[in-house]
Every structure is written in structure tokens, then in C-alpha cells.
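Asks: Take this structure, written in C-alpha cells, and hold onto it; I'll ask about it next.
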Amino acid sequence: MHRADSSRMPRYYRLAGIPLVLFIASMTTLVWSYVEIKIVFLGLFLFAALVDGLFTKTIRVYPRIIIFYLVITITGIVWAFIGMVNPGTYIVGITESVRLYAIWSAAFTLIYTLLRSQSSLQLIHRALVIAGILISLINFAGVIDQVGQFGLIPESVKEALHQGVGIFDGYIQITSRNIGALFLIAPYLLAVAIRADSPAAKSVSTKLSLALCLILTVISGRRALILVVALTPFIIAVVSAISGNLGLIRAGARRLFVGYTILLVVTAGIVTTQPRFLPEFLYVQHIQDAFSAEDERTIQKPFLIDGFKSSPIIGSGFGATVGYLRSQDRPWTYELTYYQLLFNSGLLGVAILSALLLGYSVFIARIFRKFKPESAIPFGLFIGVIALLIGANSNPYLGSFDLLFFVGMFPFLSTFRRGFADNETGR
């Protein structure tokens with residue numbers, strides 16, 4: 001049987017391209033904000049992708065996507081039940097965990113199945129480039145408005161974006177919710193930019209988005225973000241070595257990485273052995289304060305550890321609390337995501353989720369090693385999600401539909417078992 005000549009086949013213009021870009025760009029730009037806008041774009045994408053699927057017959061079921069979210073769903077339901085049988089848990093916290101682990105998992109399964117049926121990699125790249133530019137401009141405007149006391153940004157917009165700008169001695173602190181998306185976007189753009197095989201890195205829009213994101217990272221005053229972005233070159237080097245992609249990093253970038261690593265080690269040594277020299281710099285002192293005994297996260301940690309010790313194997317279940325109140329409205333939540341997860345689900349639950357992510361990381365690394373062509377964007381996405389997971393250690397980003405969505409890049413990328421060069425037919 002002869003394969004059909006694709007050059008003679010009628011070409012169908014995909015309807016879902018623009019809605020997909022708008023959906024992902026809005027989700028990352030408007031984190032926890034303007035839900036109605038994101039629902040509209042999501043609805044448009046789902047409708048258009050289904051129409052595309054009917055015409056092109058490219059919608060397939062991917063076992064790796066289904067298995068990934070099935071494990072998460074079962075895990076969520078089991079530990080929601082454990083929370084229900086334990087006294088003192090909050091029903092609202094339990095139902096919230098069911099929504100997070102079960103309902104959203106079903107939604108993500110559908111979205112990623114349809115996403116896989118599209119020529120989606122370039123579209124995802126465009127969406128993240130747009131989001132990086134928009135997030136930067138929104139927050140730069142907020143800083144200028146605050147410094148100049150112009151009052152140009154309506155209070156309703158500031159409230160929706162949770163945008164606050166504090167001007168302190170030696171640094172600025174921006175509290176906008178969409179700053180959290182930079183944990184993903186800045187490392188992603190940096191990873192794409194240093195790849196020698198990345199045509200996307202040469203575009204003006206990509207370079208502009210990366211430059212704006214890095215500037216915003218520095219001036220944001222968000223200590224976890226600054227540290228994660230600072231560690232990104234090291235993450236890129238490690239993942240490249242494991243996946244056999246070191247040769248795809250630009251020669252200049254490799255030399256820069258060596259010098260950067262040396263500088264990073266020297267700086268860490270100074271911070272560790274001679275901390276008295278650093279307080280002269282207020283910006284550096286602000287970063288150091290993240291590790292002080294007065295920091296909110298430092299205060300939470302022993303309470304969560306004690307809670308874990310009370311039930312170390314299976315945990316206390318979702319909706320449980322420790323002897324420390326962080327939020328009056330949501331007393332079952334804390335910033336330290338992984339300490340809370342250890343408290344809620346114990347060693348067993350953490351082991352299941354860790355094994356799941358590690359297993360899918362192995363799948364992706366093998367694909368990177370075997371199929372190098374057209375892998376720059378997938379490689380960048382993998383780096384971005386790893387950076388997001390690191391940043392989530394001290395911020396509850398994984399409790400948001402918007403940012404939790406990107407964890408699905410693990411099963412999504414693992415389905416490219418024939419490589420990334422042919423992303424047209426969803427094979």
C-alpha cells in the first residue's frame with residue numbers, strides 16, 4: 001500500500017490556531033484574574049479544535065496523557081477521603097482538593113488531547129512570547145503609575161490583578177499575581193534563546209519578550225523568582241547533559257555558562273562564609289531576608305513538619321490544618337507547597353506523585369536524546385515547567401488552574417514518540 005502524497009492532499013486551514021494562542025496567552029497573563037475572558041478563549045479553542053478534528057481526523061487518544069491524569073485523580077480522591085475521616089478537617093478544603101486533582105484533571109486531559117491534535121508547538125511559543133511582553137508591560141505600567149502617582153490604572157483593575165507596588169529603600173516589590181507566570185516564561189525563553197537549532201530565538205519578538213521578562217524579574221523584588229531565574233542556566237546545563245543535548249547549546253552560551261557557574265559558586269561561598277559583607281547592599285539584603293527566622297515561610301515550616309510527624313505514612317488528608325493560622329479565609333492553605341503536600345498526603349502520596357513526574361521526565365529525556373531536530377521549543381517548555389515546580393516550593397502556584405495547566409507539559413511532551421519534526425498530524 002502506498003502512502004498518500006501529502007503534497008497532493010487538500011490542505012485544511014486549522015481554525016484552532018488563533019484561539020489556542022489567545023487561550024494560553026490570557027491564562028498566563030491573567031493568572032487568577034478575569035476568569036470570564038479565559039473561559040471564552042478556552043471555549044473557542046475547544047470548539048475550533050473539535051471542528052479541526054472532524055475535518056482532518058487527527059484527534060487521537062494518548063494513553064500517556066490519560067494515565068498521568070488518572071493517577072493524579074485517584075491520588076486526589078484517596079487523600080480527600082482520608083481528610084474526611086480525620087477530625088478537624090475543613091470540608092471546603094476537601095472539596096477544593098477534589099476540584100484540583102479530579103475535575104481539573106479531566107479538563108486537562110481533554111485540553112491536552114485536543115492540543116496534541118494541532119500543530120501546537122509553534123503556537124504555544126507565540127502565546128508565551130506574547131504573555132511575556134504583556135505581563136512586563138502591565139507591571140512596568142504599574143510601577144510608573146505608583147512612582148508618579150498618576151492614578152491612570154483603575155483600582156478595579158489593580159484589585160483584579162492583585163497588583164501592588166511597594167517602593168522601599170534599595171528595591172521595589174511587585175505583588176501582581178501574574179508575576180508567578182515568569183517562573184515558567186523567563187526560563188522557557190532563556191532555554192530557547194541559547195539553543196543553536198532554534199529559529200524562534202532569532203525573532204525580534206522572542207528577544208524582546210526575554211529582555212522584558214529578565215528586567216521585570218530583577219526589579220520585581222520577588223526573591224524566589226530571582227533565585228530560580230538565576231539557577232536556570234545550571235538547570236539547562238544539567239538537563240542538556242542528561243538528554244544528550246549539550247551540543248545544541250550555542251558555543252558562546254556554553255562559555256558564558258562556565259563563567260556564570262564559577263561566579264555563582266563564588267557568590268554562594270561569599271554568602272555562606274562572609275555574610276557580613278552583604279548587608280551593605282539593600283537589594284541583596286532583601287533577598288537574604290527570605291532565609292531569616294522572621295520570614296513567613298520559615299515560621300510555617302516547623303508546624304508543617306510536626307503535622308507530618310503525626311501521620312508520616314499516609315498523611316492527614318486534604319483539608320487538614322496545623323497549629324498555625326496563615327489565612328483566616330482558607331486556614332488549610334500554606335505557601336510551602338511541598339511541605340504541605342507532605343503533611344497532607346504523607347510519604348506514600350509524595351512518593352506516588354514524585355514517581356509519576358520522574359517517570360515522565362525519563363520518557364521526555366529519552367525523546368530528546370533520540371529526536372534532536374525541532375526540539376528547541378519542547379526543551380524550553382520542559383525547562384520552564386521544572387523552574388515553575390521549583391518556584392512552587394515557596395508559593396501556592398500549583399493551586400491555580402492557570403499555572404497547574406503547564407504541569408501537563410510532562411504527559412504532553414512524552415507523547416511525541418516519533419519526534420517533534422512532524423507535529424502537523426498529531427502523530
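In the C-alpha cells, each chain is lettered A, B, ... as it comes, each chain's residues begin at 1, and ligands are numbered from 1 in order of appearance.
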Set the distance at 8 Å and use only C-alpha atoms: which residues neighbour range 181-198 of chain A once local chain neighbours fewer than 5 positions away are removed? I'd like the list as an MDAnalysis selection string.

Replies: chainID A and resid 28:29 31 128:129 132 206:207 209:210 213:214 217 225 228:229 232:233 236 248:250 253 373:374 376:377 379:385 387:388 391 403

Asks: So, with only C-alpha atoms as the atoms that count, which of A:Val265, A:Ile215, A:Leu121, A:Ala106 lies closest to Phe420 in chain A?

Replies: A:Leu121

Asks: Can you work out the spacing between CA of Gly93 in chain A and CA of Arg64 in chain A in Å, to one decimal?

Replies: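 Distance reported for this atom pair: 29.2 Å.
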
Asks: Report the residues of range 73-239 of chain A whose backbone DSSP state falls under helix (DSSP H, G or I), written as a ChimeraX atom specification.

Replies: /A:73-85,91-116,120-148,155-161,177-193,199-202,204-220,223-239

Asks: I need the residues of range 161-323 of chain A that end up classed as strand (DSSP E) by DSSP on the backbone, written out as a PyMOL selection string.

Replies: chain A and resi 165-168+171-174

Asks: Go ahead and save the picked residues with N, CA and C atoms, as an mmCIF file, in the first residue's frame.

Replies:
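Produced file result_39.cif, reproduced below:
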data_model
loop_
_atom_site.group_PDB
_atom_site.id
_atom_site.type_symbol
_atom_site.label_atom_id
_atom_site.label_comp_id
_atom_site.auth_asym_id
_atom_site.auth_seq_id
_atom_site.Cartn_x
_atom_site.Cartn_y
_atom_site.Cartn_z
ATOM 1 N N VAL A 165 2.382 47.738 44.265
ATOM 2 C CA VAL A 165 3.768 48.114 44.045
ATOM 3 C C VAL A 165 4.268 48.827 45.288
ATOM 4 N N GLY A 166 5.274 48.262 45.925
ATOM 5 C CA GLY A 166 5.865 48.880 47.110
ATOM 6 C C GLY A 166 7.240 49.431 46.774
ATOM 7 N N ILE A 167 7.484 50.674 47.142
ATOM 8 C CA ILE A 167 8.779 51.310 46.913
ATOM 9 C C ILE A 167 9.516 51.363 48.246
ATOM 10 N N PHE A 168 10.602 50.611 48.353
ATOM 11 C CA PHE A 168 11.354 50.532 49.594
ATOM 12 C C PHE A 168 12.791 50.999 49.361
ATOM 13 N N TYR A 171 15.051 48.692 46.873
ATOM 14 C CA TYR A 171 14.374 47.740 45.997
ATOM 15 C C TYR A 171 12.895 48.088 45.862
ATOM 16 N N ILE A 172 12.279 47.506 44.817
ATOM 17 C CA ILE A 172 10.845 47.611 44.562
ATOM 18 C C ILE A 172 10.248 46.220 44.751
ATOM 19 N N GLN A 173 9.027 46.152 45.241
ATOM 20 C CA GLN A 173 8.361 44.861 45.349
ATOM 21 C C GLN A 173 7.009 44.931 44.651
ATOM 22 N N ILE A 174 6.811 44.023 43.694
ATOM 23 C CA ILE A 174 5.577 43.962 42.923
ATOM 24 C C ILE A 174 4.822 42.702 43.332
#

Asks: Could you tell me which of A:Gly221, A:Leu152, A:Phe416, A:Ile352 comes closest to Ile74 in chain A if we count only C-alpha atoms?

Replies: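 Between A:Gly221, A:Leu152, A:Phe416, A:Ile352, the residue approaching Ile74 in chain A most closely is A:Ile352.
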
Asks: Restricting the calculation to only C-alpha atoms: of A:Ile66, A:Ser33, A:Pro19, A:Gln149, which residue gets closest to Leu161 in chain A?

Replies: A:Ser33

Asks: Just give me the gap between CA of Thr75 in chain A and CA of Tyr90 in chain A in Å, one decimal is fine.

Replies: 18.4 Å

Asks: Skip Asp145 in chain A itself and residues of its chain fewer than 2 positions away, then list as a list of chain:residue names all residues within 12 Å of it, counting only C-alpha atoms.

Replies: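 The filter keeps A:Leu137, A:Ile138, A:Asn139, A:Phe140, A:Ala141, A:Gly142, A:Val143, A:Val147, A:Gly148, A:Gln149, A:Phe150, A:Gly151, A:Leu152, A:Ile153, A:Pro154, A:Glu155, A:Lys158, A:Gln163, A:Gly164, A:Val165, A:Gly166, A:Ile167.
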
Asks: Between CA of Phe406 in chain A and CA of Leu114 in chain A, what is the distance, to one decimal in Å?

Replies: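 For CA of Phe406 in chain A relative to CA of Leu114 in chain A, the distance reads 14.9 Å.
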
Asks: Identify which of the residues A:Gly180, A:Gly244, A:Pro396, A:Gly323 lies closest to Leu336 in chain A, counting only C-alpha atoms when measuring atom-to-atom distances.

Replies: A:Pro396
